[in-house]
Amino acid sequence: MSDLTTAIPEKFCTPIKEGETVPSVTFKTRVRIASDDENPFDWKDVTSEDIFKGKKVVLFALPGAFTPTCSTTHLPGYEAAYSDFKEAGVNEVYCLSVNDAFVMRQWGLKQGLEEDMTLGANGFTKVKLLPDGAALFTRGMGMSCMWDSERGFGERSWRYSALIDDMKVTKLFVEGGGITQNSGPDPFEVSDAGTMLQFIKSSSADDN
């Protein structure tokens with residue numbers, strides 16, 4: 001059985017540093033179209049540049065849609081603080097997980113997020129759920145974590161939050177101080193909405 005397991009290459013689990021540029025990847029997303037079908041969406045490629053270029057973005061990543069801490073605290077905290085982030089000068093807030101676009105939408109609906117019904121819309125009205133199904137962005141951020149013997153998740157993202165300004169990571173909060181493969185504990189102490197919002201507000205005050 002051990003011959004079937006996969007080790008994560010070190011470069012994929014060595015976190016990006018503040019000041020570095022986020023990876024340039026393509027996200028496979030679904031956008032709303034005019035259709036009477038029960039699933040009125042079509043595929044749309046969205047790049048890192050589409051999301052981060054020329055914008056100030058808060059990105060928080062978590063191990064998986066529908067999982068306990070992600071669903072009860074992490075995502076709801078950012079959703080509740082969405083207007084506060086906007087008032088603080090953030091252009092958009094994204095929640096990333098190594099899940100596909102179908103799973104991410106159903107999770108958002110289960111969470112009670114308000115879906116954007118506009119044709120061409122990509123997700124929800126407040127926090128946007130970003131599917132990193134193939135873990136390409138996660139690997140590029142150095143945040144890949146394997147949970148196979150623990151939880152049976154497979155490759156997922158470590159829990160973190162980042163403030164990204166025009167493709168550059170200006171602040172990074174990594175849970176546990178770094179990645180632990182097959183971690184038993186799922187730390188959630190520094191990547192919450194309150195910590196990130198406090199940092200942004202204090203940074204703005206220092207600039208004034």
# chains A, B, ... in the order shown; residues from 1 in each chain; ligands from 1
$ residues_around --residues "region 14-25 of chain A" --least-positions-apart "3" --cutoff "6 Å" --atoms "only C-alpha atoms" --output "VMD selection string"
chain A and resid 11 47 to 48 140 to 143 167 to 171
$ residues_around --residues "Asp100 (chain A)" --least-positions-apart "2" --cutoff "12 Å" --atoms "only C-alpha atoms" --output "JSON, numbers by chain"
{"A": [27, 28, 29, 30, 43, 64, 65, 96, 97, 98, 102, 103, 104, 105, 106, 107, 129, 130, 131, 132, 133, 134, 135, 156]}
$ closest_residue --among "A:Tyr160, A:Leu136, A:Asp166, A:Asn182" --to "Glu49 (chain A)" --atoms "only C-alpha atoms"
A:Asp166
$ select_by_dssp --residues "region 82-141 of chain A" --states "strand (DSSP E or B)" --output "list in words"
Glu92, Val93, Tyr94, Cys95, Leu96, Ser97, Glu115, Phe124, Lys128, Leu129, Leu130 and Pro131 of chain A
$ write_last_selection --atoms "C-alpha atoms" --output "PDB file, in the first residue's frame"
ATOM      1  CA  GLU A  92     -12.205  41.627  -3.367  1.00  0.00           C
ATOM      2  CA  VAL A  93     -12.107  38.703  -0.931  1.00  0.00           C
ATOM      3  CA  TYR A  94     -11.517  35.155  -2.201  1.00  0.00           C
ATOM      4  CA  CYS A  95     -11.782  31.799  -0.480  1.00  0.00           C
ATOM      5  CA  LEU A  96      -9.611  29.126  -2.108  1.00  0.00           C
ATOM      6  CA  SER A  97      -9.768  25.372  -1.704  1.00  0.00           C
ATOM      7  CA  GLU A 115     -25.555  33.756  -5.250  1.00  0.00           C
ATOM      8  CA  PHE A 124     -21.492  34.835  -5.060  1.00  0.00           C
ATOM      9  CA  LYS A 128     -15.895  34.643  -3.980  1.00  0.00           C
ATOM     10  CA  LEU A 129     -15.163  30.911  -3.852  1.00  0.00           C
ATOM     11  CA  LEU A 130     -12.126  30.024  -5.936  1.00  0.00           C
ATOM     12  CA  PRO A 131     -11.741  26.387  -7.098  1.00  0.00           C
TER      13      PRO A 131
END
$ select_by_dssp --residues "region 6-206 of chain A" --states "helix (DSSP H, G or I)" --output "ChimeraX atom specification"
/A:10-12,48-52,68-80,82-87,101-110,136-140,175-177,193-206
$ residues_around --residues "Trp147 (chain A)" --least-positions-apart "6" --cutoff "8 Å" --atoms "only C-alpha atoms" --output "JSON, numbers by chain"
{"A": [153, 154, 155, 156, 181, 182, 183]}
$ write_last_selection --atoms "N, CA, C and O atoms" --output "tab-separated table (two decimals), in the first residue's frame"
chain	number	residue	atom	x	y	z
A	153	PHE	N	-7.91	12.92	2.84
A	153	PHE	CA	-8.24	14.02	1.92
A	153	PHE	C	-7.47	13.93	0.61
A	153	PHE	O	-7.93	14.37	-0.44
A	154	GLY	N	-6.21	13.46	0.67
A	154	GLY	CA	-5.31	13.60	-0.47
A	154	GLY	C	-4.64	14.96	-0.41
A	154	GLY	O	-4.49	15.56	0.66
A	155	GLU	N	-4.24	15.47	-1.56
A	155	GLU	CA	-3.55	16.76	-1.60
A	155	GLU	C	-4.54	17.90	-1.42
A	155	GLU	O	-5.53	17.99	-2.13
A	156	ARG	N	-4.25	18.77	-0.48
A	156	ARG	CA	-5.10	19.93	-0.21
A	156	ARG	C	-4.22	21.15	0.09
A	156	ARG	O	-3.00	21.07	0.09
A	181	GLN	N	2.85	17.90	7.01
A	181	GLN	CA	2.19	16.89	6.20
A	181	GLN	C	1.44	15.90	7.10
A	181	GLN	O	1.92	15.50	8.16
A	182	ASN	N	0.24	15.51	6.66
A	182	ASN	CA	-0.61	14.60	7.43
A	182	ASN	C	-0.79	15.06	8.87
A	182	ASN	O	-0.76	14.26	9.81
A	183	SER	N	-0.98	16.36	9.02
A	183	SER	CA	-1.15	16.93	10.35
A	183	SER	C	-2.42	16.40	11.02
A	183	SER	O	-3.49	16.37	10.41
$ atom_distance --atom1 "CA of Met117 (chain A)" --atom2 "CA of Val31 (chain A)"
9.8 Å
$ residues_around --residues "region 193-198 of chain A" --least-positions-apart "3" --cutoff "8 Å" --atoms "only C-alpha atoms" --output "list in words"
His74, Gly77, Tyr78, Ala81, Asp84, Phe85, Ser161, Leu163, Val190, Lys201 and Ser202 of chain A
$ closest_residue --among "A:Thr180, A:Ser204, A:Thr67, A:Thr26" --to "Glu10 (chain A)" --atoms "only C-alpha atoms"
A:Thr180
$ atom_distance --atom1 "CA of Tyr82 (chain A)" --atom2 "CA of Phe60 (chain A)"
12.6 Å
$ closest_residue --among "A:Gln111, A:Asn122, A:Ile179, A:Asp37" --to "Thr73 (chain A)" --atoms "only C-alpha atoms"
A:Gln111
$ atom_distance --atom1 "CA of Val57 (chain A)" --atom2 "CA of Asp165 (chain A)"
6.3 Å
$ residues_around --residues "Lys56 (chain A)" --least-positions-apart "4" --cutoff "6 Å" --atoms "only C-alpha atoms" --output "list in words"
Val90, Asn91, Ile164 and Asp165 of chain A
